[in-house]
file model.txt (compact mmCIF, C-alpha atoms)
# COMPACT_ATOMS: atom_id res chain seq x y z
CA MET X 1 -6.32 -20.42 -7.98
CA THR X 2 -3.86 -17.53 -7.99
CA PRO X 3 -4.77 -14.63 -5.68
CA PRO X 4 -5.85 -11.45 -7.50
CA TRP X 5 -2.94 -9.73 -5.78
CA THR X 6 -0.31 -10.36 -3.13
CA GLY X 7 0.98 -7.77 -0.69
CA ILE X 8 -0.68 -4.54 0.32
CA ALA X 9 -4.13 -3.32 -0.71
CA VAL X 10 -5.66 -0.11 0.56
CA ALA X 11 -9.06 -0.15 2.22
CA LEU X 12 -9.87 3.11 0.49
CA ALA X 13 -11.41 5.98 2.43
CA THR X 14 -14.22 7.83 0.67
CA LEU X 15 -13.71 11.59 0.47
CA PHE X 16 -16.58 14.05 0.87
CA ASP X 17 -16.83 17.75 0.16
CA ASP X 18 -18.13 20.39 2.59
CA GLU X 19 -21.72 19.50 1.71
CA LYS X 20 -21.06 15.80 2.45
CA THR X 21 -21.34 14.98 -1.26
CA VAL X 22 -19.07 12.18 -2.39
CA ALA X 23 -15.91 13.63 -3.95
CA VAL X 24 -15.68 10.92 -6.60
CA GLU X 25 -12.77 12.24 -8.64
CA GLN X 26 -10.78 13.31 -5.58
CA THR X 27 -11.23 9.84 -4.09
CA ALA X 28 -10.04 8.25 -7.34
CA GLU X 29 -7.03 10.57 -7.46
CA HIS X 30 -6.17 9.56 -3.91
CA ALA X 31 -6.34 5.89 -4.91
CA ALA X 32 -4.01 6.52 -7.85
CA ARG X 33 -1.52 8.28 -5.56
CA LEU X 34 -1.47 5.26 -3.25
CA VAL X 35 -0.91 2.89 -6.16
CA GLU X 36 2.04 5.03 -7.24
CA ALA X 37 3.40 4.60 -3.70
CA GLY X 38 3.37 0.82 -4.09
CA VAL X 39 -0.11 -0.36 -3.10
CA ARG X 40 -1.02 -3.47 -5.13
CA ALA X 41 -4.86 -3.30 -5.05
CA VAL X 42 -7.69 -0.97 -4.04
CA VAL X 43 -10.83 -1.86 -2.08
CA VAL X 44 -13.68 0.57 -2.75
CA ALA X 45 -16.81 1.07 -0.61
CA GLY X 46 -15.79 -1.16 2.22
CA SER X 47 -16.24 -0.34 5.89
CA THR X 48 -13.28 2.08 5.81
CA GLY X 49 -14.97 3.79 2.86
CA GLU X 50 -18.10 4.45 4.96
CA ALA X 51 -20.10 2.09 2.79
CA ALA X 52 -22.99 2.14 5.24
CA ALA X 53 -23.55 5.81 4.36
CA LEU X 54 -23.27 5.41 0.57
CA THR X 55 -26.10 4.92 -1.88
CA ASP X 56 -25.77 2.13 -4.42
CA THR X 57 -25.41 4.76 -7.15
CA GLU X 58 -22.51 6.35 -5.25
CA ARG X 59 -20.85 2.96 -4.79
CA VAL X 60 -20.89 2.32 -8.52
CA ALA X 61 -19.66 5.82 -9.36
CA LEU X 62 -16.72 5.42 -6.98
CA LEU X 63 -15.86 2.00 -8.35
CA ALA X 64 -15.94 3.19 -11.96
CA ALA X 65 -13.78 6.23 -11.18
CA VAL X 66 -11.20 4.22 -9.25
CA ARG X 67 -11.16 1.56 -11.97
CA ALA X 68 -10.37 4.28 -14.55
CA ALA X 69 -7.75 5.95 -12.33
CA CYS X 70 -6.01 2.67 -11.39
CA PRO X 71 -6.06 0.54 -14.55
CA ASP X 72 -3.07 -1.62 -13.65
CA VAL X 73 -4.13 -3.04 -10.27
CA PRO X 74 -7.11 -5.08 -9.08
CA VAL X 75 -10.06 -3.07 -7.80
CA VAL X 76 -12.25 -4.81 -5.22
CA ALA X 77 -15.80 -3.68 -4.45
CA GLY X 78 -17.42 -3.83 -1.05
CA ALA X 79 -20.91 -5.32 -1.44
CA SER X 80 -22.12 -6.24 2.02
CA ALA X 81 -25.75 -6.18 3.13
CA GLU X 82 -27.88 -7.64 5.93
CA TRP X 83 -29.79 -9.84 3.47
CA TRP X 84 -28.51 -11.87 0.53
CA ARG X 85 -30.67 -10.20 -2.12
CA PRO X 86 -29.36 -6.62 -1.78
CA ALA X 87 -25.86 -8.06 -1.40
CA ALA X 88 -26.30 -10.00 -4.65
CA GLU X 89 -27.64 -6.90 -6.39
CA ARG X 90 -24.60 -4.91 -5.25
CA VAL X 91 -22.33 -7.68 -6.50
CA VAL X 92 -23.97 -7.65 -9.94
CA ALA X 93 -23.60 -3.85 -10.14
CA ALA X 94 -19.97 -4.05 -9.03
CA VAL X 95 -19.08 -6.70 -11.57
CA SER X 96 -20.77 -4.69 -14.31
CA ALA X 97 -18.71 -1.63 -13.27
CA GLY X 98 -15.44 -3.54 -13.57
CA ALA X 99 -14.72 -5.02 -10.13
CA ASP X 100 -11.99 -7.66 -10.14
CA ALA X 101 -13.33 -9.17 -6.89
CA VAL X 102 -16.02 -8.44 -4.32
CA LEU X 103 -15.70 -8.20 -0.54
CA VAL X 104 -18.81 -9.24 1.38
CA ALA X 105 -19.50 -9.42 5.11
CA PRO X 106 -22.27 -11.79 6.18
CA PRO X 107 -25.40 -10.64 7.98
CA ARG X 108 -25.39 -10.48 11.77
CA SER X 109 -27.89 -13.33 11.82
CA GLY X 110 -29.17 -15.81 9.27
CA ASP X 111 -28.00 -18.71 7.14
CA LEU X 112 -24.33 -18.16 6.25
CA ASP X 113 -24.28 -20.80 3.53
CA ARG X 114 -27.41 -19.52 1.76
CA TYR X 115 -26.13 -15.95 1.92
CA PHE X 116 -22.77 -16.71 0.31
CA THR X 117 -24.24 -19.19 -2.19
CA ASN X 118 -26.46 -16.44 -3.59
CA VAL X 119 -23.63 -13.90 -3.52
CA ALA X 120 -21.32 -16.29 -5.37
CA ALA X 121 -23.99 -16.98 -7.99
CA ALA X 122 -24.31 -13.23 -8.58
CA ALA X 123 -20.53 -12.86 -8.87
CA GLY X 124 -20.17 -15.52 -11.55
CA GLN X 125 -16.47 -15.89 -12.36
CA VAL X 126 -15.44 -12.95 -10.17
CA PRO X 127 -13.85 -14.03 -6.87
CA VAL X 128 -15.73 -13.49 -3.63
CA LEU X 129 -13.85 -12.51 -0.47
CA ALA X 130 -15.68 -12.99 2.81
CA TYR X 131 -15.18 -10.29 5.42
CA HIS X 132 -14.75 -11.17 9.09
CA PHE X 133 -14.88 -8.19 11.45
CA PRO X 134 -17.80 -8.63 13.83
CA PRO X 135 -19.55 -6.63 15.08
CA ASN X 136 -18.08 -3.71 13.13
CA ALA X 137 -18.97 -5.17 9.74
CA GLY X 138 -21.72 -7.76 9.78
CA GLY X 139 -21.58 -11.10 11.54
CA PRO X 140 -18.85 -13.67 12.06
CA VAL X 141 -17.33 -16.06 9.54
CA PRO X 142 -16.20 -18.99 11.70
CA VAL X 143 -12.91 -20.60 10.71
CA GLU X 144 -14.56 -24.01 10.62
CA ALA X 145 -17.18 -22.73 8.14
CA LEU X 146 -14.71 -21.51 5.50
CA ALA X 147 -14.12 -24.81 3.74
CA GLY X 148 -17.84 -25.21 3.07
CA LEU X 149 -18.50 -21.71 1.75
CA PRO X 150 -18.33 -20.73 -1.95
CA VAL X 151 -15.72 -18.04 -1.35
CA GLN X 152 -12.15 -17.83 -2.59
CA GLY X 153 -10.69 -15.70 0.17
CA ILE X 154 -11.29 -13.80 3.38
CA LYS X 155 -10.35 -10.48 4.89
CA ASP X 156 -9.88 -10.92 8.63
CA SER X 157 -9.68 -7.59 10.46
CA THR X 158 -9.74 -8.95 14.01
CA GLY X 159 -5.97 -8.68 14.50
CA ASP X 160 -6.02 -12.14 16.10
CA PRO X 161 -2.80 -13.98 15.16
CA GLU X 162 -4.12 -17.31 16.45
CA ARG X 163 -7.16 -17.08 14.19
CA MET X 164 -4.92 -16.22 11.23
CA LEU X 165 -2.83 -19.34 11.83
CA ALA X 166 -5.96 -21.46 12.19
CA GLN X 167 -7.27 -20.21 8.85
CA LEU X 168 -3.97 -20.91 7.12
CA GLU X 169 -3.74 -24.39 8.64
CA SER X 170 -7.30 -25.48 7.88
CA TRP X 171 -8.17 -23.80 4.57
CA SER X 172 -6.47 -23.28 1.22
CA GLY X 173 -8.20 -19.99 0.35
CA TRP X 174 -6.57 -16.56 0.24
CA ILE X 175 -6.10 -14.96 3.65
CA TYR X 176 -5.88 -11.16 3.81
CA SER X 177 -5.23 -9.40 7.12
CA GLY X 178 -7.09 -6.20 7.86
CA ALA X 179 -4.93 -5.26 10.86
CA ALA X 180 -1.92 -3.05 10.20
CA VAL X 181 -0.22 -4.27 13.38
CA LEU X 182 0.01 -7.78 11.89
CA THR X 183 1.40 -6.79 8.48
CA SER X 184 4.90 -8.27 8.82
CA TYR X 185 3.51 -11.26 10.69
CA ALA X 186 0.94 -11.96 7.98
CA ALA X 187 3.64 -11.94 5.32
CA THR X 188 5.85 -14.26 7.36
CA VAL X 189 3.24 -16.93 8.04
CA GLY X 190 1.95 -17.13 4.47
CA ALA X 191 -1.05 -14.82 4.10
CA ALA X 192 -1.77 -13.59 0.58
CA GLY X 193 -1.72 -9.95 1.64
CA SER X 194 -3.14 -7.23 3.83
CA ILE X 195 -6.05 -4.85 3.17
CA LEU X 196 -5.30 -1.79 5.26
CA ALA X 197 -6.95 1.50 6.18
CA ALA X 198 -3.46 2.58 7.25
CA ALA X 199 -2.39 2.55 3.61
CA ASN X 200 -4.49 5.70 3.12
CA ILE X 201 -1.97 7.49 5.33
CA ALA X 202 1.33 5.59 5.18
CA PRO X 203 1.39 3.42 2.06
CA GLU X 204 5.18 3.30 2.01
CA ASP X 205 5.39 1.90 5.55
CA CYS X 206 2.67 -0.64 4.80
CA VAL X 207 4.59 -1.90 1.79
CA ALA X 208 7.89 -1.89 3.71
CA ALA X 209 6.38 -3.74 6.67
CA TRP X 210 5.04 -6.43 4.33
CA SER X 211 8.58 -6.80 3.01
CA GLY X 212 9.93 -7.36 6.53
CA ASP X 213 11.01 -3.89 7.61
CA GLY X 214 10.65 -3.98 11.39
CA LYS X 215 10.98 -0.24 11.86
CA ALA X 216 8.18 0.38 9.35
CA GLN X 217 6.02 -2.15 11.16
CA ARG X 218 6.57 -0.37 14.46
CA ARG X 219 5.70 2.99 12.91
CA LEU X 220 2.39 1.53 11.76
CA LEU X 221 1.22 1.19 15.35
CA ALA X 222 0.49 4.92 15.60
CA VAL X 223 -1.19 4.91 12.19
CA HIS X 224 -3.29 1.89 13.15
CA ARG X 225 -4.42 3.66 16.31
CA ALA X 226 -5.30 6.81 14.38
CA CYS X 227 -7.41 4.81 11.94
CA ARG X 228 -9.44 3.24 14.74
CA SER X 229 -9.73 6.39 16.87
CA ARG X 230 -13.17 8.00 16.69
CA PHE X 231 -13.71 6.32 13.33
CA PRO X 232 -13.77 7.76 10.74
CA HIS X 233 -12.56 11.08 12.14
CA GLY X 234 -9.12 9.93 13.28
CA LEU X 235 -8.49 8.41 9.86
CA LYS X 236 -9.66 11.48 7.96
CA GLU X 237 -7.62 13.84 10.15
CA ALA X 238 -4.45 11.80 9.67
CA MET X 239 -5.06 11.70 5.91
CA ALA X 240 -5.54 15.47 5.83
CA GLN X 241 -2.28 15.99 7.67
CA ARG X 242 -0.41 13.86 5.12
CA TRP X 243 -2.24 14.70 1.88
CA SER X 244 -4.38 17.82 2.55
CA THR X 245 -7.52 15.83 1.77
CA PRO X 246 -10.93 16.91 3.16
CA VAL X 247 -11.85 15.68 6.63
CA GLY X 248 -15.61 15.42 6.10
CA SER X 249 -17.46 12.19 6.76
CA ARG X 250 -21.04 10.96 6.95
CA LEU X 251 -20.49 8.64 9.90
CA GLY X 252 -19.69 9.43 13.49
call {"tool": "encode", "arguments": {"input": "model.txt", "output": "structure tokens"}}
result
Amino acid sequence: MTPPWTGIAVALATLFDDEKTVAVEQTAEHAARLVEAGVRAVVVAGSTGEAAALTDTERVALLAAVRAACPDVPVVAGASAEWWRPAAERVVAAVSAGADAVLVAPPRSGDLDRYFTNVAAAAGQVPVLAYHFPPNAGGPVPVEALAGLPVQGIKDSTGDPERMLAQLESWSGWIYSGAAVLTSYAATVGAAGSILAAANIAPEDCVAAWSGDGKAQRRLLAVHRACRSRFPHGLKEAMAQRWSTPVGSRLG
């Protein structure tokens, strides 16, 4: 199966106004700006988007707005939950709102196979990407479990190059890196792409690093550190410096 995109996707930050209300249209406008800069897909309401602090209604509103603002690229919806039923409900809502794929972290404990089997059933023909970033986003997705799970791809945000190679060697699914510091490496070894918070700030360098620009890859180190510093405040402050976007967040 062909990946829904190759290259750089943005793990989209959610913007909030001074009252901590979701700035839906401003977030969608930001997504469109990043697509114009070369980003090939947009992930909405993932961990970078402060999904844990969003209502299901807000998730759908963001997805619909980004889908309308970015009609020419895949839009992926975060749909994680600590139990399969709310995850499946979020998947159904995302598919109905136009998601081209869903990104789902497993629960911190429980039956991995049952969880993803129910999520995949809810997704129907829409691809499911597992999300591996414990303990920041759910539980682990072991490399050895991938071949037996009903998922088409995985986002691995650990920044572990050995794990990335192990996934590529043992599984034919789509591998997306979530670590900006591995962008050029991921492209070189055969990953499908990268899903990066750093693309909120430096989309051009993300795209250039994927294409093998070593200087762009080195510049991403500072951006990567900003994204993970006092999350989400470091990310929002760096975005504001570049784009004059609001710095408000619901987390942290």
call {"tool": "residues_around", "arguments": {"input": "model.txt", "residues": "Ser47 of chain X", "least_positions_apart": "2", "cutoff": "12 Å", "atoms": "only C-alpha atoms", "output": "PyMOL selection string"}}
result
chain X and resi 10-14+43-45+49-54+77-81+103-105+131-138+155+157+178+195-197+227-228+231-232+251
call {"tool": "atom_distance", "arguments": {"input": "model.txt", "atom1": "atom CA of Glu237 of chain X", "atom2": "atom CA of Val102 of chain X"}}
result
27.9 Å
call {"tool": "closest_residue", "arguments": {"input": "model.txt", "among": "X:Ser184, X:Ser177, X:Asn200, X:Asn118", "to": "Glu29 of chain X", "atoms": "all atoms listed in the file"}}
result
X:Asn200
call {"tool": "closest_residue", "arguments": {"input": "model.txt", "among": "X:Leu182, X:Val60, X:Val207, X:Ala69", "to": "Ala31 of chain X", "atoms": "only C-alpha atoms"}}
result
X:Ala69
call {"tool": "atom_distance", "arguments": {"input": "model.txt", "atom1": "atom CA of Gly248 of chain X", "atom2": "atom CA of Val75 of chain X"}}
result
23.8 Å
call {"tool": "closest_residue", "arguments": {"input": "model.txt", "among": "X:Ser109, X:Thr57, X:Ser249, X:Gln217", "to": "Arg230 of chain X", "atoms": "all atoms listed in the file"}}
result
X:Ser249
call {"tool": "closest_residue", "arguments": {"input": "model.txt", "among": "X:Ala99, X:Ala64, X:Ala199, X:Ala130", "to": "Val35 of chain X", "atoms": "all atoms listed in the file"}}
result
X:Ala199
call {"tool": "closest_residue", "arguments": {"input": "model.txt", "among": "X:Glu58, X:Glu162, X:Ile8, X:Ala238", "to": "Ala222 of chain X", "atoms": "all atoms listed in the file"}}
result
X:Ala238
call {"tool": "residues_around", "arguments": {"input": "model.txt", "residues": "segment 4-6 of chain X", "least_positions_apart": "5", "cutoff": "12 Å", "atoms": "all atoms listed in the file", "output": "tab-separated table (two decimals) with C-alpha atoms, keeping the file's coordinate frame"}}
result
chain	number	residue	atom	x	y	z
X	38	GLY	CA	3.37	0.82	-4.09
X	39	VAL	CA	-0.11	-0.36	-3.10
X	40	ARG	CA	-1.02	-3.47	-5.13
X	41	ALA	CA	-4.86	-3.30	-5.05
X	42	VAL	CA	-7.69	-0.97	-4.04
X	43	VAL	CA	-10.83	-1.86	-2.08
X	72	ASP	CA	-3.07	-1.62	-13.65
X	73	VAL	CA	-4.13	-3.04	-10.27
X	74	PRO	CA	-7.11	-5.08	-9.08
X	75	VAL	CA	-10.06	-3.07	-7.80
X	76	VAL	CA	-12.25	-4.81	-5.22
X	99	ALA	CA	-14.72	-5.02	-10.13
X	100	ASP	CA	-11.99	-7.66	-10.14
X	101	ALA	CA	-13.33	-9.17	-6.89
X	102	VAL	CA	-16.02	-8.44	-4.32
X	126	VAL	CA	-15.44	-12.95	-10.17
X	127	PRO	CA	-13.85	-14.03	-6.87
X	128	VAL	CA	-15.73	-13.49	-3.63
X	129	LEU	CA	-13.85	-12.51	-0.47
X	152	GLN	CA	-12.15	-17.83	-2.59
X	153	GLY	CA	-10.69	-15.70	0.17
X	173	GLY	CA	-8.20	-19.99	0.35
X	174	TRP	CA	-6.57	-16.56	0.24
X	175	ILE	CA	-6.10	-14.96	3.65
X	176	TYR	CA	-5.88	-11.16	3.81
X	177	SER	CA	-5.23	-9.40	7.12
X	186	ALA	CA	0.94	-11.96	7.98
X	187	ALA	CA	3.64	-11.94	5.32
X	190	GLY	CA	1.95	-17.13	4.47
X	191	ALA	CA	-1.05	-14.82	4.10
X	192	ALA	CA	-1.77	-13.59	0.58
X	193	GLY	CA	-1.72	-9.95	1.64
X	194	SER	CA	-3.14	-7.23	3.83
X	195	ILE	CA	-6.05	-4.85	3.17
X	207	VAL	CA	4.59	-1.90	1.79
X	210	TRP	CA	5.04	-6.43	4.33
X	211	SER	CA	8.58	-6.80	3.01
call {"tool": "closest_residue", "arguments": {"input": "model.txt", "among": "X:Ala97, X:Leu34, X:Ala166, X:Cys70", "to": "Asp56 of chain X", "atoms": "all atoms listed in the file"}}
result
X:Ala97
call {"tool": "residues_around", "arguments": {"input": "model.txt", "residues": "Ala209 of chain X", "least_positions_apart": "3", "cutoff": "10 Å", "atoms": "only C-alpha atoms", "output": "list in words"}}
result
Gly7, Ile8, Ala180, Val181, Leu182, Thr183, Ser184, Tyr185, Ala186, Ala187, Pro203, Glu204, Asp205, Cys206, Gly212, Asp213, Gly214, Lys215, Ala216, Gln217, Arg218, Arg219 and Leu220 of chain X
call {"tool": "atom_distance", "arguments": {"input": "model.txt", "atom1": "atom CA of Trp84 of chain X", "atom2": "atom CA of Ala147 of chain X"}}
result
19.6 Å
